[in-house]
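A.B. asks: The file below is upload38.tsv, TSV, C-alpha atoms:
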chain	number	residue	atom	x	y	z
A	20	MET	CA	1.62	99.76	-80.28
A	21	SER	CA	4.27	99.03	-82.85
A	22	LYS	CA	4.60	101.52	-85.68
A	23	GLU	CA	5.77	98.79	-88.05
A	24	TRP	CA	3.20	97.16	-90.29
A	25	PRO	CA	2.90	93.43	-89.66
A	26	LEU	CA	4.65	90.95	-91.92
A	27	TRP	CA	2.56	88.84	-94.30
A	28	GLU	CA	3.55	85.66	-96.09
A	29	ILE	CA	2.27	85.57	-99.65
A	30	PHE	CA	1.12	82.47	-101.51
A	31	ILE	CA	0.25	82.56	-105.18
A	32	ARG	CA	-1.44	80.02	-107.43
A	33	GLY	CA	0.18	80.24	-110.83
A	34	GLN	CA	-2.65	78.60	-112.72
A	35	ASN	CA	-5.92	76.90	-112.01
A	36	GLY	CA	-5.47	73.34	-110.80
A	37	MET	CA	-2.07	74.00	-109.20
A	38	SER	CA	-1.56	74.58	-105.49
A	39	HIS	CA	-0.64	77.91	-103.97
A	40	ARG	CA	3.11	78.33	-103.61
A	41	HIS	CA	4.96	80.52	-101.16
A	42	VAL	CA	6.55	83.39	-103.11
A	43	GLY	CA	7.82	85.70	-100.38
A	44	SER	CA	6.70	88.18	-97.79
A	45	LEU	CA	5.78	91.85	-97.47
A	46	HIS	CA	4.52	94.44	-95.01
A	47	ALA	CA	0.96	95.78	-94.95
A	48	PRO	CA	-1.33	97.40	-92.37
A	49	ASP	CA	-4.22	94.95	-92.90
A	50	ALA	CA	-5.24	91.85	-94.85
A	51	GLU	CA	-6.93	93.68	-97.72
A	52	THR	CA	-3.91	95.89	-98.28
A	53	ALA	CA	-1.66	92.82	-98.08
A	54	ILE	CA	-3.53	91.37	-101.07
A	55	LEU	CA	-3.18	94.63	-103.00
A	56	ASN	CA	0.52	94.86	-102.18
A	57	ALA	CA	1.02	91.23	-103.17
A	58	ARG	CA	-0.65	91.97	-106.48
A	59	ASP	CA	1.81	94.80	-107.09
A	60	VAL	CA	4.94	93.14	-105.75
A	61	TYR	CA	4.52	89.54	-106.90
A	62	THR	CA	2.20	89.42	-109.93
A	63	ARG	CA	3.66	92.13	-112.15
A	64	ARG	CA	4.63	89.58	-114.78
A	65	ASN	CA	1.36	87.71	-114.92
A	66	GLU	CA	2.43	85.12	-112.35
A	67	GLY	CA	-0.86	84.35	-110.69
A	68	VAL	CA	-4.57	83.71	-110.71
A	69	SER	CA	-5.09	83.63	-106.93
A	70	ILE	CA	-3.38	85.18	-103.92
A	71	TRP	CA	-3.37	84.13	-100.28
A	72	ALA	CA	-1.97	86.41	-97.58
A	73	VAL	CA	-1.25	84.97	-94.15
A	74	GLN	CA	0.09	87.01	-91.30
A	75	ALA	CA	3.54	85.65	-90.56
A	76	ALA	CA	2.84	85.71	-86.82
A	77	ASP	CA	-0.03	83.26	-87.35
A	78	ILE	CA	2.23	80.61	-88.83
A	79	THR	CA	3.41	77.98	-86.38
A	80	ALA	CA	6.76	76.69	-87.57
A	81	SER	CA	8.76	73.65	-86.56
A	82	SER	CA	11.95	74.38	-84.70
A	83	PRO	CA	15.29	73.70	-86.44
A	84	SER	CA	16.67	72.30	-83.19
A	85	ASP	CA	13.98	69.61	-83.22
A	86	LYS	CA	15.05	68.21	-86.52
A	87	GLY	CA	16.70	65.15	-84.97
A	88	PRO	CA	13.61	63.87	-83.19
A	89	LEU	CA	11.28	65.03	-85.95
A	90	TYR	CA	12.93	63.69	-89.07
A	91	GLU	CA	15.74	61.26	-88.34
A	92	PRO	CA	13.51	58.38	-87.24
A	93	SER	CA	12.04	58.18	-90.73
A	94	GLU	CA	15.46	57.92	-92.37
A	95	ALA	CA	15.77	54.28	-91.35
A	96	LYS	CA	12.32	53.30	-92.50
A	97	VAL	CA	12.86	52.78	-96.19
A	98	TYR	CA	9.91	50.39	-96.28
A	99	ARG	CA	7.67	53.44	-96.15
A	100	HIS	CA	8.65	54.24	-99.70
A	101	PRO	CA	6.57	52.22	-102.15
A	102	THR	CA	9.66	51.09	-104.05
A	103	PHE	CA	9.35	47.37	-103.45
A	104	PHE	CA	6.59	46.70	-105.91
A	105	ASP	CA	7.09	45.36	-109.39
A	106	ILE	CA	5.31	47.78	-111.70
A	107	PRO	CA	4.06	46.29	-114.96
A	108	ASP	CA	5.62	48.03	-117.99
A	109	ASP	CA	2.15	48.89	-119.28
A	110	VAL	CA	1.63	51.28	-116.38
A	111	GLY	CA	4.35	53.62	-117.61
A	112	ALA	CA	6.02	56.27	-115.49
A	113	MET	CA	4.65	56.72	-112.00
B	119	MET	CA	-9.06	121.72	-135.07
B	120	ASP	CA	-10.60	118.24	-135.31
B	121	PRO	CA	-12.56	117.74	-132.07
B	122	VAL	CA	-11.66	114.04	-131.98
B	123	PHE	CA	-7.95	114.94	-132.11
B	124	GLU	CA	-8.50	117.44	-129.33
B	125	PHE	CA	-10.44	114.88	-127.29
B	126	CYS	CA	-7.67	112.27	-127.62
B	127	LEU	CA	-5.07	114.83	-126.60
B	128	ARG	CA	-7.06	115.67	-123.48
B	129	MET	CA	-7.27	112.00	-122.53
B	130	GLY	CA	-3.65	111.21	-123.38
B	131	ASP	CA	-2.11	114.34	-121.90
B	132	ASN	CA	-3.88	113.70	-118.58
B	133	THR	CA	-2.39	110.23	-118.31
B	134	LEU	CA	1.00	111.35	-119.64
B	135	VAL	CA	1.47	114.19	-117.19
B	136	LEU	CA	0.10	112.25	-114.22
B	137	GLY	CA	2.13	109.19	-115.19
B	138	HIS	CA	5.25	111.32	-115.20
B	139	ARG	CA	4.33	112.90	-111.88
B	140	VAL	CA	3.74	109.49	-110.26
B	141	SER	CA	6.99	108.13	-111.68
B	142	GLU	CA	8.82	110.83	-109.71
B	143	TRP	CA	8.25	108.61	-106.66
B	144	CYS	CA	10.17	105.67	-108.07
B	145	GLY	CA	12.82	104.88	-105.45
B	146	HIS	CA	11.47	107.49	-103.01
B	147	ALA	CA	8.22	106.07	-101.63
B	148	PRO	CA	7.96	105.56	-97.86
B	149	VAL	CA	7.89	101.76	-98.09
B	150	LEU	CA	8.94	99.27	-100.73
B	151	GLU	CA	5.39	98.03	-101.33
B	152	GLU	CA	4.11	101.55	-102.08
B	153	ASP	CA	7.13	102.27	-104.25
B	154	ILE	CA	6.34	99.31	-106.51
B	155	ALA	CA	2.62	100.06	-106.50
B	156	LEU	CA	3.20	103.67	-107.55
B	157	ALA	CA	5.63	102.60	-110.28
B	158	ASN	CA	3.03	100.12	-111.57
B	159	THR	CA	0.40	102.86	-111.61
B	160	ALA	CA	2.74	105.20	-113.48
B	161	LEU	CA	3.45	102.49	-116.06
B	162	ASP	CA	-0.27	101.84	-116.54
B	163	LEU	CA	-0.85	105.54	-117.15
B	164	ILE	CA	2.01	105.79	-119.64
B	165	GLY	CA	0.64	102.72	-121.41
B	166	GLN	CA	-2.76	104.40	-121.71
B	167	THR	CA	-0.98	107.51	-123.02
B	168	GLN	CA	0.49	105.48	-125.88
B	169	LEU	CA	-3.00	104.40	-126.88
B	170	TRP	CA	-4.63	107.84	-126.63
B	171	LEU	CA	-1.83	109.79	-128.26
B	172	GLY	CA	-1.41	107.04	-130.85
B	173	LEU	CA	-5.06	107.48	-131.78
B	174	ALA	CA	-4.63	111.27	-131.72
B	175	GLY	CA	-1.81	111.01	-134.25
B	176	GLU	CA	-3.87	108.67	-136.41
B	177	VAL	CA	-6.83	111.05	-136.36
B	178	GLU	CA	-4.62	114.04	-137.13
B	179	GLY	CA	-3.07	112.24	-140.10
B	180	LYS	CA	0.09	114.31	-140.28
B	181	GLY	CA	2.51	111.50	-139.48
B	182	ARG	CA	2.93	112.32	-135.82
B	183	ASP	CA	2.98	109.23	-133.58
B	184	ALA	CA	2.50	109.05	-129.80
B	185	ASP	CA	6.19	109.80	-129.16
B	186	ALA	CA	6.16	112.88	-131.39
B	187	LEU	CA	3.10	114.21	-129.59
B	188	ALA	CA	4.49	113.45	-126.13
B	189	PHE	CA	8.01	114.73	-126.62
B	190	ARG	CA	7.81	117.46	-129.25
B	191	ARG	CA	5.01	119.71	-128.14
B	192	ASP	CA	5.46	122.67	-125.84
B	193	ALA	CA	3.39	123.48	-122.77
B	194	TRP	CA	0.70	125.52	-124.52
B	195	ASP	CA	-0.13	122.55	-126.79
B	196	PHE	CA	-0.84	120.27	-123.83
B	197	ARG	CA	-4.48	119.58	-122.98
B	198	SER	CA	-4.08	118.03	-119.53
B	199	VAL	CA	-6.13	119.32	-116.59
B	200	LEU	CA	-4.30	121.42	-114.00
B	201	LEU	CA	-4.89	118.77	-111.32
B	202	VAL	CA	-2.40	116.29	-112.81
B	203	GLU	CA	0.47	118.77	-113.10
B	204	GLN	CA	0.27	119.74	-109.43
B	205	PRO	CA	3.45	118.75	-107.55
B	206	GLY	CA	3.48	115.49	-105.61
B	207	GLY	CA	4.15	117.16	-102.26
B	208	ASP	CA	4.13	114.62	-99.46
B	209	PHE	CA	2.90	111.06	-99.89
B	210	GLY	CA	-0.61	111.97	-98.71
B	211	ASN	CA	-0.87	114.76	-101.27
B	212	THR	CA	0.25	112.36	-104.02
B	213	ILE	CA	-2.30	109.73	-103.01
B	214	LEU	CA	-5.12	112.26	-102.79
B	215	ARG	CA	-4.25	113.71	-106.21
B	216	GLN	CA	-4.31	110.13	-107.48
B	217	TYR	CA	-7.67	109.38	-105.93
B	218	LEU	CA	-9.30	112.57	-107.25
B	219	PHE	CA	-8.14	111.64	-110.74
B	220	ASP	CA	-8.79	107.88	-110.49
B	221	GLN	CA	-12.36	108.41	-109.36
B	222	TRP	CA	-13.07	110.66	-112.33
B	223	GLN	CA	-11.25	108.38	-114.75
B	224	ALA	CA	-13.14	105.29	-113.56
B	225	LEU	CA	-16.49	106.97	-114.23
B	226	PHE	CA	-15.45	108.52	-117.53
B	227	LEU	CA	-13.89	105.36	-118.95
B	228	ALA	CA	-16.95	103.34	-117.97
B	229	ALA	CA	-19.04	105.73	-120.07
B	230	LEU	CA	-16.53	105.56	-122.94
B	231	THR	CA	-16.84	101.78	-123.24
B	232	SER	CA	-20.11	102.42	-125.09
B	233	SER	CA	-18.61	105.15	-127.30
B	234	SER	CA	-19.84	105.40	-130.88
B	235	ASP	CA	-16.16	105.31	-131.93
B	236	ASP	CA	-14.90	101.71	-131.70
B	237	ARG	CA	-11.31	102.83	-131.22
B	238	VAL	CA	-12.26	104.95	-128.22
B	239	ALA	CA	-14.38	102.15	-126.78
B	240	ALA	CA	-11.51	99.67	-127.17
B	241	ILE	CA	-9.03	101.89	-125.33
B	242	ALA	CA	-11.58	102.52	-122.59
B	243	ALA	CA	-12.26	98.80	-122.17
B	244	LYS	CA	-8.57	98.05	-121.71
B	245	ALA	CA	-7.81	101.04	-119.48
B	246	SER	CA	-10.85	100.68	-117.25
B	247	LYS	CA	-9.55	97.37	-115.83
B	248	GLU	CA	-6.34	99.10	-114.78
B	249	VAL	CA	-8.19	102.08	-113.39
B	250	ALA	CA	-10.59	99.91	-111.37
B	251	TYR	CA	-7.52	98.73	-109.51
B	252	HIS	CA	-5.99	102.22	-109.23
B	253	VAL	CA	-9.12	103.66	-107.65
B	254	GLU	CA	-9.51	100.76	-105.23
B	255	ARG	CA	-5.95	101.28	-104.07
B	256	SER	CA	-5.95	105.08	-103.87
B	257	ARG	CA	-9.38	105.20	-102.22
B	258	GLY	CA	-8.29	102.70	-99.56
B	259	THR	CA	-5.11	104.64	-98.84
B	260	VAL	CA	-6.96	107.95	-98.60
B	261	VAL	CA	-9.35	106.38	-96.07
B	262	GLY	CA	-6.48	104.75	-94.16
B	263	LEU	CA	-4.48	107.97	-93.91
B	264	GLY	CA	-7.46	110.27	-93.31
B	265	ASP	CA	-8.82	108.04	-90.57
B	266	GLY	CA	-5.33	107.34	-89.24
B	267	THR	CA	-3.18	109.27	-86.82
B	268	ALA	CA	-3.59	112.96	-85.96
B	269	GLU	CA	-0.56	113.66	-88.17
B	270	SER	CA	-1.82	111.74	-91.21
B	271	HIS	CA	-5.33	113.17	-90.81
B	272	ALA	CA	-4.00	116.74	-90.76
B	273	ARG	CA	-1.88	116.11	-93.85
B	274	MET	CA	-4.76	114.56	-95.78
B	275	GLN	CA	-7.09	117.44	-94.88
B	276	ALA	CA	-4.42	119.93	-96.02
B	277	ALA	CA	-4.05	118.00	-99.28
B	278	LEU	CA	-7.81	118.01	-99.85
B	279	ASP	CA	-8.01	121.75	-99.17
B	280	ARG	CA	-5.13	122.33	-101.61
B	281	LEU	CA	-6.30	120.05	-104.44
B	282	TYR	CA	-10.10	120.29	-104.37
B	283	PRO	CA	-10.06	123.64	-106.23
B	284	TYR	CA	-8.68	121.72	-109.23
B	285	VAL	CA	-11.46	119.11	-109.35
B	286	GLY	CA	-14.07	121.25	-111.10
B	287	GLU	CA	-11.99	121.49	-114.29
B	288	LEU	CA	-12.57	117.76	-114.89
B	289	PHE	CA	-16.24	118.58	-115.45
B	290	ALA	CA	-15.93	121.88	-117.32
B	291	GLY	CA	-17.15	121.43	-120.88
B	292	ASP	CA	-16.62	123.57	-123.97
B	293	THR	CA	-17.56	123.47	-127.66
B	294	VAL	CA	-15.19	120.55	-128.26
B	295	ASP	CA	-17.03	118.52	-125.65
B	296	GLU	CA	-20.39	119.45	-127.13
B	297	GLU	CA	-19.31	118.25	-130.57
B	298	ILE	CA	-17.86	115.03	-129.11
B	299	ALA	CA	-21.06	114.42	-127.15
B	300	ALA	CA	-23.26	115.16	-130.19
B	301	ARG	CA	-21.38	112.46	-132.11
B	302	GLY	CA	-21.88	109.99	-129.26
B	303	ILE	CA	-18.13	109.60	-128.71
B	304	ALA	CA	-18.14	110.67	-125.06
B	305	PRO	CA	-20.62	112.09	-122.56
B	306	LEU	CA	-20.54	115.75	-121.61
B	307	PRO	CA	-18.02	116.08	-118.76
B	308	GLY	CA	-20.54	117.80	-116.52
B	309	SER	CA	-22.97	114.87	-116.74
B	310	LEU	CA	-20.66	112.80	-114.52
B	311	ARG	CA	-20.40	115.34	-111.74
B	312	ASP	CA	-23.22	113.96	-109.57
B	313	ALA	CA	-21.87	110.42	-109.65
B	314	TYR	CA	-18.39	111.75	-108.89
B	315	ASP	CA	-19.60	113.87	-105.99
B	316	ALA	CA	-21.47	110.92	-104.52
B	317	ALA	CA	-18.37	108.70	-104.64
B	318	LEU	CA	-16.11	111.46	-103.37
B	319	SER	CA	-18.43	112.33	-100.48
B	320	GLU	CA	-18.55	108.70	-99.40
B	321	THR	CA	-14.77	108.38	-99.46
B	322	VAL	CA	-14.22	111.70	-97.69
B	323	ALA	CA	-16.71	110.68	-94.98
B	324	LYS	CA	-15.02	107.32	-94.45
B	325	ALA	CA	-11.68	109.13	-94.24
B	326	THR	CA	-13.17	111.48	-91.58
B	327	LEU	CA	-12.16	114.44	-93.76
B	328	THR	CA	-14.16	117.56	-94.59
B	329	LEU	CA	-14.84	118.58	-98.18
B	330	PRO	CA	-14.25	122.31	-98.77
B	331	GLU	CA	-17.54	124.17	-99.23
B	332	SER	CA	-16.51	126.24	-102.22
B	333	ARG	CA	-16.80	124.58	-105.63
B	334	TRP	CA	-14.79	127.32	-107.31
B	335	THR	CA	-12.25	125.80	-109.64
B	336	HIS	CA	-9.05	126.67	-111.46
B	337	THR	CA	-9.32	126.17	-115.22
B	338	GLY	CA	-7.10	126.59	-118.25
B	339	GLY	CA	-5.38	123.21	-118.52
B	340	ARG	CA	-7.67	121.17	-120.72
B	341	ASP	CA	-7.99	123.97	-123.26
B	342	GLY	CA	-4.30	124.87	-122.97
B	343	THR	CA	-4.90	128.56	-122.26
B	344	ARG	CA	-3.41	128.76	-118.80
B	345	HIS	CA	-1.22	125.91	-117.61
B	346	SER	CA	0.57	126.46	-114.33
B	347	GLU	CA	4.33	126.96	-114.38
B	348	HIS	CA	4.70	123.36	-113.14
B	349	LEU	CA	4.00	121.92	-116.58
B	350	GLY	CA	7.01	123.65	-118.13
B	351	HIS	CA	9.29	122.14	-115.51
B	352	ILE	CA	7.78	118.68	-116.06
B	353	LEU	CA	8.33	118.94	-119.82
B	354	THR	CA	11.88	120.20	-119.39
B	355	GLU	CA	12.77	116.98	-117.65
B	356	MET	CA	10.52	114.66	-119.63
B	357	GLN	CA	11.47	115.95	-123.08
B	358	TRP	CA	15.14	116.66	-122.50
B	359	LEU	CA	16.49	113.62	-124.30
B	360	GLN	CA	14.39	114.09	-127.44
B	361	ARG	CA	15.19	117.79	-127.50
B	362	ALA	CA	18.92	117.28	-127.09
B	363	TYR	CA	19.21	114.19	-129.31
B	364	PRO	CA	16.27	114.16	-131.74
B	365	ASP	CA	15.36	110.68	-132.97
B	366	ALA	CA	17.94	109.05	-130.71
B	367	THR	CA	17.54	105.27	-130.54
B	368	TRP	CA	19.00	102.68	-128.24
How does this structure look as structure tokens?

C.D. replies:
Amino acid sequence: MSKEWPLWEIFIRGQNGMSHRHVGSLHAPDAETAILNARDVYTRRNEGVSIWAVQAADITASSPSDKGPLYEPSEAKVYRHPTFFDIPDDVGAM
Amino acid sequence: MDPVFEFCLRMGDNTLVLGHRVSEWCGHAPVLEEDIALANTALDLIGQTQLWLGLAGEVEGKGRDADALAFRRDAWDFRSVLLVEQPGGDFGNTILRQYLFDQWQALFLAALTSSSDDRVAAIAAKASKEVAYHVERSRGTVVGLGDGTAESHARMQAALDRLYPYVGELFAGDTVDEEIAARGIAPLPGSLRDAYDAALSETVAKATLTLPESRWTHTGGRDGTRHSEHLGHILTEMQWLQRAYPDATW
């Protein structure tokens, strides 16, 4: 068994109505302690109203080497952006 | 001496001396997360000290503010319990010292929120939120280390054996406490002992530790008659700047 505590990714919601945002990572022996550590490390200056802790090992990430097949095909598909509509002035900023 | 002044000193000196002790870990804790958590705890305690000693100065009415009381009194004028001046030792000892104090403080502050003195109740209301977090954290770490490896268990048991003989002083009352209780400012210290023992027993059991059988306790801190030599060393470091450069500002 590893003697190192697992790594946790920390997400904090800055205010009600906003989404949780990734703020960084930390080490902790279990989920409850990860929340406590996140409170101490990342909310010292009143940054949050809610904390999520996710074990880093549980995150499935896309591979940088796949970026060609994953993202390049969409580069040539400008019609997917809704920029071809005439917006009436009354609507204001979208 | 005004019993309210004395009472505020006892509250403020506890948090001042423990806050200083905990701050000794800043930059030395075993992991970054604990380092920051301990520094936060120390800052909370120093913040509470400003409130208690500020009120003490106000009650005394001789123009001494929180800084004057913290930095210009000598050891025999301090009213902190002996528990908080005990050296940090290893990390387990520090965390156990913290838990023993946090558990008492959580119970005492909860009682103070209904104090007959509005100023005392206001400080207690603010501080009890911080302390609720302190005790959750220190209790969890005591359980984690006690019920951890053979090494951590042995260290926590040694810490408990070393520090438990300082617990009883938290509940030792004197004539000051009787006067304070008669005025409805705070409960008699001894009245919280059962609730404290129940919480402590539960934590100790979860941590697979054994509470020492003897309830004999060291005393002499909260009435200032017999501080250990540790307090003098703490004050030497803590008060050096004000002693060397009185009224220095920056």

A.B. asks: When you get a sec, could you note down which chain A residues fall within 10 Å of chain B, using all atoms listed in the file, as a ChimeraX atom specification?

C.D. replies: /A:45-48,51-53,55-61,63

A.B. asks: At a cut-off of 12 Å from (-13.4, 95.7, -124.6) in the coordinates of the file, what residues are picked up using all atoms listed in the file, written as a list of chain:residue names?

C.D. replies: B:Leu227, B:Ala228, B:Leu230, B:Thr231, B:Ser232, B:Ser233, B:Asp236, B:Arg237, B:Val238, B:Ala239, B:Ala240, B:Ile241, B:Ala242, B:Ala243, B:Lys244, B:Ala245, B:Ser246, B:Lys247

A.B. asks: For range 174-181 of chain B, please output as a PyMOL selection string all residues within 12 Å (counting all atoms listed in the file; exclusion window: fewer than 4 positions along the same chain).

C.D. replies: chain B and resi 119-131+167-170+185-188+235+237-238

A.B. asks: At a cut-off of 7 Å around the point (1.4, 108.0, -114.1) (file coordinates), what residues fall inside when counting only C-alpha atoms? I'd like the answer as a PyMOL selection string.

C.D. replies: chain B and resi 133-141+159-164

A.B. asks: With distances taken over all atoms listed in the file, which residue among B:Ala272, B:Ala224, B:Leu288, B:Val261 lies nearest Val249 in chain B?

C.D. replies: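 Using all atoms listed in the file, Val249 in chain B sits closest to B:Ala224.
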
A.B. asks: Mind checking which residues fall within 7 Å of range 68-77 of chain A, counting all atoms listed in the file, ignoring those fewer than 5 positions away in the same chain, and posting them as an mmCIF file with C-alpha atoms, in the coordinates of the input?

C.D. replies:
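out_32.cif, freshly written:
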data_model
loop_
_atom_site.group_PDB
_atom_site.id
_atom_site.type_symbol
_atom_site.label_atom_id
_atom_site.label_comp_id
_atom_site.auth_asym_id
_atom_site.auth_seq_id
_atom_site.Cartn_x
_atom_site.Cartn_y
_atom_site.Cartn_z
ATOM 1 C CA LEU A 26 4.650 90.950 -91.920
ATOM 2 C CA TRP A 27 2.560 88.840 -94.300
ATOM 3 C CA GLU A 28 3.550 85.660 -96.090
ATOM 4 C CA ILE A 29 2.270 85.570 -99.650
ATOM 5 C CA PHE A 30 1.120 82.470 -101.510
ATOM 6 C CA ILE A 31 0.250 82.560 -105.180
ATOM 7 C CA ARG A 32 -1.440 80.020 -107.430
ATOM 8 C CA GLY A 33 0.180 80.240 -110.830
ATOM 9 C CA GLN A 34 -2.650 78.600 -112.720
ATOM 10 C CA ALA A 50 -5.240 91.850 -94.850
ATOM 11 C CA ALA A 53 -1.660 92.820 -98.080
ATOM 12 C CA ILE A 54 -3.530 91.370 -101.070
#

A.B. asks: Could you work out how far CA of His348 in chain B lies from CA of Arg280 in chain B, giving the answer in Å with one decimal?

C.D. replies: 15.2 Å

A.B. asks: For a test of reading the model, state the distance in Å between CA of Asn211 in chain B and CA of Ala323 in chain B, rounded to one decimal.

C.D. replies: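 Result for CA of Asn211 in chain B versus CA of Ala323 in chain B: 17.5 Å, one decimal.
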
A.B. asks: Any chance you could work out the axis-aligned box around range 103-108 of chain A, listed atoms only, 8 Å on each side, giving centre and edge lengths in Å to one decimal, as JSON?

C.D. replies:
{"center_x": 6.7, "center_y": 46.7, "center_z": -110.7, "size_x": 21.3, "size_y": 18.7, "size_z": 30.5}

A.B. asks: May I ask for the distance between CA of Leu281 in chain B and CA of Ala316 in chain B, given in Å to one decimal place?

C.D. replies: 17.7 Å
